[in-house]
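Worksheet: the structure to be examined is printed underneath.
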Amino acid sequence: MKKSHQAAAICPGRRSGYLLCPPSRKGAVGKWTDAATGDHGDLLDVIRLSCGLTDLRDAADEARRFLALPRPEPAVTAGRRGSSSPGSAESARRLFAMSQPISGTIVETYLRRRGITTLHGTGGLRFHPRCYYRPDAWSPTEVWPAMIAAVTDLDGKITGAHRTWLAPGGSGKAPIDTPRRAIGHLLGNAVRFSAGEVMAAGEGIETMLSLRCVLPTMPMAAALSAAHLAAILFPISLRRLYIARDDDRAGDGALATLLDRAMEPGSRRSSCRRNWVISTKTS
């Protein structure tokens with residue numbers, strides 16, 4: 001590839017906020033370096049970063065689509081799983097950084113259509129207008145708008161990201177097989193809306209945002225599933241915990257595990273003391 005073509009291919013990366021430097025005579029041909037952050041890579045990395053992708057295979061597919069190249073025949077591999085492995089925490093942080101605040105976007109429309117009008121303190125939610133979705137490893141990549149939620153640890157560090165793909169107008173979730181997916185490190189972490197001595201924890205993001213409409217000042221956390229609700233870590237200052245569990249067997253199991261944890265002082269399964277008072281709320 002000629003150097004002029006290389007520089008032209010790099011330029012679209014500026015739309016994502018990455019100031020990328022064209023190849024210099026001192027660097028390897030086809031490589032780039034971000035002078036501001038020290039990030040570096042090749043043209044596939046530029047595509048991955050500018051499009052909000054988390055998998056190199058997705059970036060290759062986007063390059064193939066742009067160049068109008070045919071898709072390769074899938075190789076038959078014994079025991080291969082139907083979906084790619086979860087992305088890393090770094091991928092989650094990059095995806096969140098590429099997204100924008102939800103105010104005035106279809107994420108806000110989606111939440112308000114669900115009756116969620118209390119949206120203060122939702123900086124952990126963001127909007128990505130073109131978030132890539134792939135049903136499985138062999139299907140073509142689709143593009144849908146998405147609500148991006150930051151999964152954080154007790155120190156507020158982003159360890160993962162949860163994606164909810166939406167219909168273009170924000171009328172509901174996108175008409176795809178799995179409109180919710182998460183990447184990164186989730187165990188013990190959650191989508192957190194503040195923290196304090198009294199707080200509520202549950203599974204879904206929308207479930208907890210709905211409760212905030214009634215209790216707008218109460219800190220809350222969405223663990224994203226019953227299994228992760230059972231393993232969520234709480235701040236050491238916690239004194240009372242309200243559990244917004246789903247009324248099913250998985251919710252029963254999460255509640256039972258949290259009750260066991262509350263009775264185990266000094267347990268290594270959490271970083272906080274076991275002097276909680278637990279109340280339940282079935283959603």
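Labels for the structure tokens follow display order: chains A, B, ..., residues from 1 in each chain, ligands from 1.
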
>> Residues of region 149-244 of chain A classed as helix (DSSP H, G or I) by DSSP on the backbone are to be reported as a ChimeraX atom specification.
In response: /A:205-214,226-231

>> Please return, as a ChimeraX atom specification, all residues of region 74-168 of chain A that DSSP assigns to strand (DSSP E) on the basis of the backbone.
In response: /A:100-101,125-133,142-152,158-165

For the residues in the current selection, export C-alpha atoms as an mmCIF file, in the first residue's frame.
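What follows is the written file part11.cif:
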data_model
loop_
_atom_site.group_PDB
_atom_site.id
_atom_site.type_symbol
_atom_site.label_atom_id
_atom_site.label_comp_id
_atom_site.auth_asym_id
_atom_site.auth_seq_id
_atom_site.Cartn_x
_atom_site.Cartn_y
_atom_site.Cartn_z
ATOM 1 C CA GLN A 100 -21.416 10.195 24.597
ATOM 2 C CA PRO A 101 -23.690 11.444 27.408
ATOM 3 C CA LEU A 125 -24.752 5.492 31.208
ATOM 4 C CA ARG A 126 -23.757 6.638 27.732
ATOM 5 C CA PHE A 127 -24.903 6.470 24.114
ATOM 6 C CA HIS A 128 -23.097 4.923 21.156
ATOM 7 C CA PRO A 129 -24.781 5.670 17.806
ATOM 8 C CA ARG A 130 -23.135 2.816 15.876
ATOM 9 C CA CYS A 131 -22.342 -0.071 18.187
ATOM 10 C CA TYR A 132 -21.427 -3.287 16.416
ATOM 11 C CA TYR A 133 -23.446 -6.439 16.996
ATOM 12 C CA GLU A 142 -24.710 -5.367 12.222
ATOM 13 C CA VAL A 143 -24.754 -1.771 13.435
ATOM 14 C CA TRP A 144 -27.302 -0.546 16.011
ATOM 15 C CA PRO A 145 -27.461 2.370 18.446
ATOM 16 C CA ALA A 146 -26.824 1.260 22.002
ATOM 17 C CA MET A 147 -26.968 2.268 25.637
ATOM 18 C CA ILE A 148 -23.534 1.688 27.165
ATOM 19 C CA ALA A 149 -23.327 1.207 30.935
ATOM 20 C CA ALA A 150 -20.052 1.319 32.835
ATOM 21 C CA VAL A 151 -19.431 -1.643 35.159
ATOM 22 C CA THR A 152 -17.214 -0.451 38.002
ATOM 23 C CA ILE A 158 -14.347 0.704 34.943
ATOM 24 C CA THR A 159 -13.885 -3.058 34.718
ATOM 25 C CA GLY A 160 -16.520 -3.834 32.100
ATOM 26 C CA ALA A 161 -19.304 -2.440 29.945
ATOM 27 C CA HIS A 162 -22.879 -3.506 29.358
ATOM 28 C CA ARG A 163 -24.487 -2.898 25.965
ATOM 29 C CA THR A 164 -28.232 -2.604 25.342
ATOM 30 C CA TRP A 165 -28.851 -2.311 21.613
#

> Pick from A:Lys173, A:Arg134, A:Arg180, A:His185: nearest to Asp58 (chain A), with only C-alpha atoms counted?
Replying inline: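 Answer, going by the shortest atom-to-atom distance: A:Arg134.
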
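Residues surrounding region 114-119 of chain A within 8 Å are A:Glu206, A:Leu209, A:Ser210, A:Arg212, A:Cys213, A:Pro216 [only C-alpha atoms; sequence separation below 6 positions excluded].
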